[in-house]
file input_36.pdb (PDB, C-alpha atoms, pLDDT in the B column)
ATOM      1  CA  MET B   1      55.937  21.085  13.523  1.00 91.00           C
ATOM      2  CA  LYS B   2      55.169  18.751  10.613  1.00 93.00           C
ATOM      3  CA  THR B   3      57.926  16.859   8.893  1.00 98.00           C
ATOM      4  CA  ARG B   4      58.503  17.344   5.164  1.00 96.00           C
ATOM      5  CA  GLU B   5      57.076  13.860   4.566  1.00 97.00           C
ATOM      6  CA  GLU B   6      53.940  14.557   6.639  1.00 97.00           C
ATOM      7  CA  ALA B   7      53.349  17.848   4.829  1.00 96.00           C
ATOM      8  CA  PHE B   8      53.834  16.124   1.462  1.00 96.00           C
ATOM      9  CA  ASN B   9      51.410  13.324   2.393  1.00 97.00           C
ATOM     10  CA  GLU B  10      48.800  15.937   3.343  1.00 97.00           C
ATOM     11  CA  LEU B  11      49.441  17.770   0.064  1.00 96.00           C
ATOM     12  CA  ILE B  12      48.842  14.545  -1.899  1.00 95.00           C
ATOM     13  CA  GLU B  13      45.597  13.898   0.022  1.00 97.00           C
ATOM     14  CA  SER B  14      44.495  17.478  -0.739  1.00 96.00           C
ATOM     15  CA  ILE B  15      45.216  16.958  -4.431  1.00 95.00           C
ATOM     16  CA  TYR B  16      43.158  13.736  -4.402  1.00 94.00           C
ATOM     17  CA  GLU B  17      40.296  15.591  -2.718  1.00 97.00           C
ATOM     18  CA  VAL B  18      40.441  18.367  -5.341  1.00 95.00           C
ATOM     19  CA  SER B  19      40.475  15.695  -8.053  1.00 94.00           C
ATOM     20  CA  ARG B  20      37.372  13.991  -6.588  1.00 96.00           C
ATOM     21  CA  SER B  21      35.545  17.322  -6.229  1.00 96.00           C
ATOM     22  CA  THR B  22      36.454  18.326  -9.780  1.00 93.00           C
ATOM     23  CA  SER B  23      35.323  14.955 -11.124  1.00 94.00           C
ATOM     24  CA  ALA B  24      31.964  15.288  -9.350  1.00 95.00           C
ATOM     25  CA  TYR B  25      31.569  18.860 -10.678  1.00 93.00           C
ATOM     26  CA  GLU B  26      32.401  17.759 -14.223  1.00 93.00           C
ATOM     27  CA  SER B  27      29.858  14.918 -14.166  1.00 95.00           C
ATOM     28  CA  ILE B  28      26.888  17.311 -13.925  1.00 97.00           C
ATOM     29  CA  PRO B  29      25.650  18.681 -17.281  1.00 96.00           C
ATOM     30  CA  ARG B  30      25.088  22.439 -17.444  1.00 96.00           C
ATOM     31  CA  LYS B  31      23.783  25.044 -19.847  1.00 96.00           C
ATOM     32  CA  TYR B  32      26.311  27.394 -21.430  1.00 96.00           C
ATOM     33  CA  GLY B  33      24.219  30.081 -23.061  1.00 95.00           C
ATOM     34  CA  THR B  34      22.130  27.705 -25.217  1.00 95.00           C
ATOM     35  CA  GLU B  35      19.284  25.290 -24.506  1.00 94.00           C
ATOM     36  CA  ASP B  36      21.704  22.334 -24.576  1.00 95.00           C
ATOM     37  CA  GLU B  37      22.897  20.696 -21.395  1.00 96.00           C
ATOM     38  CA  LEU B  38      26.584  19.959 -21.887  1.00 97.00           C
ATOM     39  CA  TYR B  39      29.107  17.972 -19.903  1.00 96.00           C
ATOM     40  CA  MET B  40      32.400  19.600 -19.025  1.00 94.00           C
ATOM     41  CA  VAL B  41      34.303  17.280 -21.384  1.00 93.00           C
ATOM     42  CA  GLU B  42      32.120  18.545 -24.243  1.00 96.00           C
ATOM     43  CA  VAL B  43      32.660  22.174 -23.263  1.00 96.00           C
ATOM     44  CA  HIS B  44      36.420  21.651 -22.962  1.00 94.00           C
ATOM     45  CA  THR B  45      36.442  20.142 -26.447  1.00 96.00           C
ATOM     46  CA  ILE B  46      34.490  23.157 -27.726  1.00 97.00           C
ATOM     47  CA  ASN B  47      37.020  25.356 -25.964  1.00 96.00           C
ATOM     48  CA  LEU B  48      39.958  23.637 -27.686  1.00 96.00           C
ATOM     49  CA  ILE B  49      38.284  23.899 -31.092  1.00 97.00           C
ATOM     50  CA  GLY B  50      37.512  27.573 -30.409  1.00 97.00           C
ATOM     51  CA  GLU B  51      41.136  28.263 -29.408  1.00 96.00           C
ATOM     52  CA  LYS B  52      42.459  26.648 -32.602  1.00 93.00           C
ATOM     53  CA  ASN B  53      39.620  27.991 -34.798  1.00 91.00           C
ATOM     54  CA  LYS B  54      39.946  25.156 -37.328  1.00 91.00           C
ATOM     55  CA  VAL B  55      41.418  21.838 -36.251  1.00 95.00           C
ATOM     56  CA  SER B  56      41.620  18.224 -37.368  1.00 94.00           C
ATOM     57  CA  PRO B  57      40.353  15.440 -35.116  1.00 94.00           C
ATOM     58  CA  SER B  58      43.909  13.989 -35.151  1.00 93.00           C
ATOM     59  CA  HIS B  59      45.278  17.229 -33.743  1.00 94.00           C
ATOM     60  CA  LEU B  60      42.509  17.312 -31.115  1.00 95.00           C
ATOM     61  CA  ALA B  61      43.454  13.760 -30.096  1.00 94.00           C
ATOM     62  CA  LYS B  62      47.083  14.844 -29.591  1.00 92.00           C
ATOM     63  CA  LEU B  63      46.053  17.933 -27.608  1.00 91.00           C
ATOM     64  CA  THR B  64      43.775  15.961 -25.287  1.00 89.00           C
ATOM     65  CA  ASN B  65      45.803  12.746 -24.978  1.00 86.00           C
ATOM     66  CA  LYS B  66      42.742  10.829 -26.203  1.00 92.00           C
ATOM     67  CA  THR B  67      42.367   8.315 -28.992  1.00 94.00           C
ATOM     68  CA  LYS B  68      41.217   9.385 -32.443  1.00 93.00           C
ATOM     69  CA  GLY B  69      38.168   7.154 -31.922  1.00 95.00           C
ATOM     70  CA  ALA B  70      37.212   8.932 -28.689  1.00 95.00           C
ATOM     71  CA  ILE B  71      37.637  12.325 -30.363  1.00 95.00           C
ATOM     72  CA  SER B  72      35.574  11.199 -33.374  1.00 94.00           C
ATOM     73  CA  GLN B  73      32.755  10.168 -31.026  1.00 96.00           C
ATOM     74  CA  MET B  74      32.958  13.522 -29.220  1.00 96.00           C
ATOM     75  CA  VAL B  75      32.959  15.471 -32.501  1.00 96.00           C
ATOM     76  CA  ASP B  76      29.931  13.446 -33.689  1.00 96.00           C
ATOM     77  CA  LYS B  77      28.067  14.298 -30.443  1.00 96.00           C
ATOM     78  CA  LEU B  78      28.873  17.988 -30.885  1.00 98.00           C
ATOM     79  CA  LEU B  79      27.881  17.787 -34.564  1.00 98.00           C
ATOM     80  CA  LYS B  80      24.474  16.297 -33.648  1.00 97.00           C
ATOM     81  CA  LYS B  81      23.933  19.141 -31.169  1.00 97.00           C
ATOM     82  CA  GLY B  82      24.780  21.680 -33.882  1.00 98.00           C
ATOM     83  CA  LEU B  83      27.829  22.994 -32.014  1.00 98.00           C
ATOM     84  CA  VAL B  84      30.474  22.196 -34.636  1.00 98.00           C
ATOM     85  CA  ILE B  85      30.736  21.836 -38.379  1.00 97.00           C
ATOM     86  CA  LYS B  86      32.908  19.243 -40.061  1.00 96.00           C
ATOM     87  CA  TYR B  87      34.199  19.238 -43.629  1.00 95.00           C
ATOM     88  CA  ARG B  88      37.044  17.996 -45.803  1.00 94.00           C
ATOM     89  CA  ASN B  89      40.153  20.167 -45.965  1.00 91.00           C
ATOM     90  CA  PRO B  90      40.040  21.860 -49.408  1.00 91.00           C
ATOM     91  CA  THR B  91      43.839  21.548 -49.746  1.00 91.00           C
ATOM     92  CA  ASN B  92      44.060  17.944 -48.451  1.00 90.00           C
ATOM     93  CA  SER B  93      40.956  15.877 -49.143  1.00 88.00           C
ATOM     94  CA  ARG B  94      42.107  13.100 -46.773  1.00 91.00           C
ATOM     95  CA  GLU B  95      41.953  15.466 -43.791  1.00 92.00           C
ATOM     96  CA  VAL B  96      38.783  16.465 -41.944  1.00 94.00           C
ATOM     97  CA  ILE B  97      38.512  19.921 -40.387  1.00 96.00           C
ATOM     98  CA  VAL B  98      36.313  20.781 -37.409  1.00 97.00           C
ATOM     99  CA  GLU B  99      35.298  24.283 -36.416  1.00 97.00           C
ATOM    100  CA  LEU B 100      32.655  25.844 -34.212  1.00 98.00           C
ATOM    101  CA  SER B 101      29.214  26.649 -35.596  1.00 98.00           C
ATOM    102  CA  ASP B 102      27.599  29.936 -34.554  1.00 97.00           C
ATOM    103  CA  LYS B 103      25.920  28.045 -31.702  1.00 98.00           C
ATOM    104  CA  GLY B 104      29.293  26.524 -30.728  1.00 98.00           C
ATOM    105  CA  LYS B 105      30.848  29.995 -30.719  1.00 98.00           C
ATOM    106  CA  GLN B 106      28.085  31.112 -28.337  1.00 98.00           C
ATOM    107  CA  VAL B 107      28.956  28.237 -25.937  1.00 98.00           C
ATOM    108  CA  TYR B 108      32.684  29.018 -26.303  1.00 98.00           C
ATOM    109  CA  LYS B 109      32.158  32.697 -25.418  1.00 98.00           C
ATOM    110  CA  TYR B 110      29.822  31.888 -22.512  1.00 97.00           C
ATOM    111  CA  HIS B 111      32.307  29.351 -21.095  1.00 96.00           C
ATOM    112  CA  LYS B 112      35.199  31.835 -21.353  1.00 96.00           C
ATOM    113  CA  GLU B 113      33.202  34.468 -19.477  1.00 97.00           C
ATOM    114  CA  LEU B 114      32.124  31.930 -16.846  1.00 95.00           C
ATOM    115  CA  ASP B 115      35.741  30.813 -16.329  1.00 94.00           C
ATOM    116  CA  GLN B 116      36.864  34.422 -15.861  1.00 96.00           C
ATOM    117  CA  LEU B 117      34.141  34.977 -13.280  1.00 97.00           C
ATOM    118  CA  GLU B 118      34.834  31.728 -11.390  1.00 95.00           C
ATOM    119  CA  TYR B 119      38.630  32.102 -11.520  1.00 95.00           C
ATOM    120  CA  GLY B 120      38.251  35.659 -10.248  1.00 96.00           C
ATOM    121  CA  LYS B 121      36.199  34.421  -7.284  1.00 97.00           C
ATOM    122  CA  MET B 122      38.839  31.800  -6.457  1.00 96.00           C
ATOM    123  CA  LEU B 123      41.714  34.246  -6.849  1.00 96.00           C
ATOM    124  CA  SER B 124      40.072  36.714  -4.465  1.00 97.00           C
ATOM    125  CA  ARG B 125      40.088  33.961  -1.784  1.00 97.00           C
ATOM    126  CA  LEU B 126      43.825  33.394  -2.253  1.00 97.00           C
ATOM    127  CA  ASN B 127      45.145  36.852  -1.355  1.00 96.00           C
ATOM    128  CA  GLN B 128      47.596  35.428   1.194  1.00 97.00           C
ATOM    129  CA  PHE B 129      49.507  33.623  -1.583  1.00 97.00           C
ATOM    130  CA  SER B 130      52.069  35.259  -3.848  1.00 97.00           C
ATOM    131  CA  THR B 131      52.646  34.749  -7.557  1.00 97.00           C
ATOM    132  CA  GLU B 132      55.756  32.799  -6.556  1.00 98.00           C
ATOM    133  CA  ASP B 133      53.566  30.503  -4.403  1.00 97.00           C
ATOM    134  CA  PHE B 134      51.363  29.781  -7.437  1.00 97.00           C
ATOM    135  CA  ILE B 135      54.421  29.097  -9.606  1.00 98.00           C
ATOM    136  CA  ASN B 136      55.880  26.739  -7.002  1.00 97.00           C
ATOM    137  CA  PHE B 137      52.572  24.897  -6.705  1.00 96.00           C
ATOM    138  CA  MET B 138      52.447  24.501 -10.498  1.00 97.00           C
ATOM    139  CA  LYS B 139      55.976  23.043 -10.445  1.00 97.00           C
ATOM    140  CA  ILE B 140      55.004  20.564  -7.717  1.00 96.00           C
ATOM    141  CA  ALA B 141      51.750  19.653  -9.483  1.00 95.00           C
ATOM    142  CA  SER B 142      53.643  19.121 -12.747  1.00 96.00           C
ATOM    143  CA  VAL B 143      56.084  16.667 -11.131  1.00 96.00           C
ATOM    144  CA  ILE B 144      53.213  14.778  -9.466  1.00 95.00           C
ATOM    145  CA  ASN B 145      51.202  14.756 -12.713  1.00 91.00           C
ATOM    146  CA  ASP B 146      54.186  13.419 -14.697  1.00 92.00           C
ATOM    147  CA  HIS B 147      54.667  10.673 -12.113  1.00 93.00           C
ATOM    148  CA  VAL B 148      50.994   9.666 -12.243  1.00 89.00           C
ATOM    149  CA  LYS B 149      50.988   9.693 -16.083  1.00 86.00           C
ATOM    150  CA  ASN B 150      54.120   7.544 -16.195  1.00 88.00           C
ATOM    151  CA  SER B 151      52.671   5.144 -13.621  1.00 87.00           C
ATOM    152  CA  THR B 152      49.572   4.582 -15.713  1.00 80.00           C
ATOM    153  CA  LYS B 153      51.623   4.049 -18.891  1.00 75.00           C
ATOM    154  CA  ASN B 154      53.718   1.346 -17.258  1.00 67.00           C
ATOM    155  CA  LYS B 155      50.775  -0.836 -16.160  1.00 60.00           C
TER     156      LYS B 155
END

call {"tool": "encode", "arguments": {"input": "input_36.pdb", "output": "structure tokens"}}
result
Amino acid sequence: MKTREEAFNELIESIYEVSRSTSAYESIPRKYGTEDELYMVEVHTINLIGEKNKVSPSHLAKLTNKTKGAISQMVDKLLKKGLVIKYRNPTNSREVIVELSDKGKQVYKYHKELDQLEYGKMLSRLNQFSTEDFINFMKIASVINDHVKNSTKNK
């Protein structure tokens, strides 16, 4: 029988392995219903814009924990690919608004459908786990994530 500490150490190693696999997956550009090859970070930004409908780059920076400069660069990339439109807020000329173009909406919809399909495949392989198991895992992952975030802030 494993000790609590041994089981926890194995859990942490599993999380690191998932993180490495996810990072490798995200580094490969893919097509999402258009001719453009997009990186996951671009698609996730499109997803956030699509969820909010109209959003300022400042708000996107807060949502993603990224700098305004990094978000501006991402928005410019998406603008060049014709996936977003950017304009001044009619009620506050100092604020810029970003929303999806028709092509961006196509990517957003395709990504949503792909996520549903992929999540469904994963869920079907997890039949032995209860809803409570998922909730407990999310609680554990949240504590670990908070610890990692705080560790990086304090360096």

call {"tool": "closest_atom_pairs", "arguments": {"input": "input_36.pdb", "of": "region 56-110 of chain B", "to": "region 18-37 of chain B", "cutoff": "10 Å", "atoms": "all atoms listed in the file", "output": "CSV"}}
result
residue,atom,partner,partner_atom,distance
B:Lys81,CA,B:Asp36,CA,7.7
B:Gly82,CA,B:Asp36,CA,9.8
B:Leu83,CA,B:Asp36,CA,9.7
B:Lys103,CA,B:Thr34,CA,7.5
B:Gly104,CA,B:Thr34,CA,9.1
B:Gln106,CA,B:Gly33,CA,6.6
B:Val107,CA,B:Tyr32,CA,5.3
B:Tyr108,CA,B:Tyr32,CA,8.2
B:Lys109,CA,B:Gly33,CA,8.7
B:Tyr110,CA,B:Tyr32,CA,5.8

call {"tool": "resolve_selection", "arguments": {"input": "input_36.pdb", "expression": "the PyMOL selection byres ((chain B and resi 100) around 10)", "output": "list in words"}}
result
Ile46, Asn47, Ile49, Gly50, Lys52, Asn53, Lys54, Val55, Leu78, Leu79, Gly82, Leu83, Val84, Ile85, Lys86, Val98, Glu99, Ser101, Asp102, Lys103, Gly104, Lys105, Gln106, Val107 and Tyr108 of chain B

call {"tool": "closest_residue", "arguments": {"input": "input_36.pdb", "among": "B:Val41, B:Ile97, B:Ala141, B:Ala61", "to": "Ile12 (chain B)", "atoms": "only C-alpha atoms"}}
result
B:Ala141

call {"tool": "atom_distance", "arguments": {"input": "input_36.pdb", "atom1": "CA of Leu38 (chain B)", "atom2": "CA of Asp76 (chain B)"}}
result
13.9 Å

call {"tool": "atom_distance", "arguments": {"input": "input_36.pdb", "atom1": "CA of Tyr87 (chain B)", "atom2": "CA of His59 (chain B)"}}
result
15.0 Å

call {"tool": "atom_distance", "arguments": {"input": "input_36.pdb", "atom1": "CA of Leu63 (chain B)", "atom2": "CA of Leu114 (chain B)"}}
result
22.5 Å
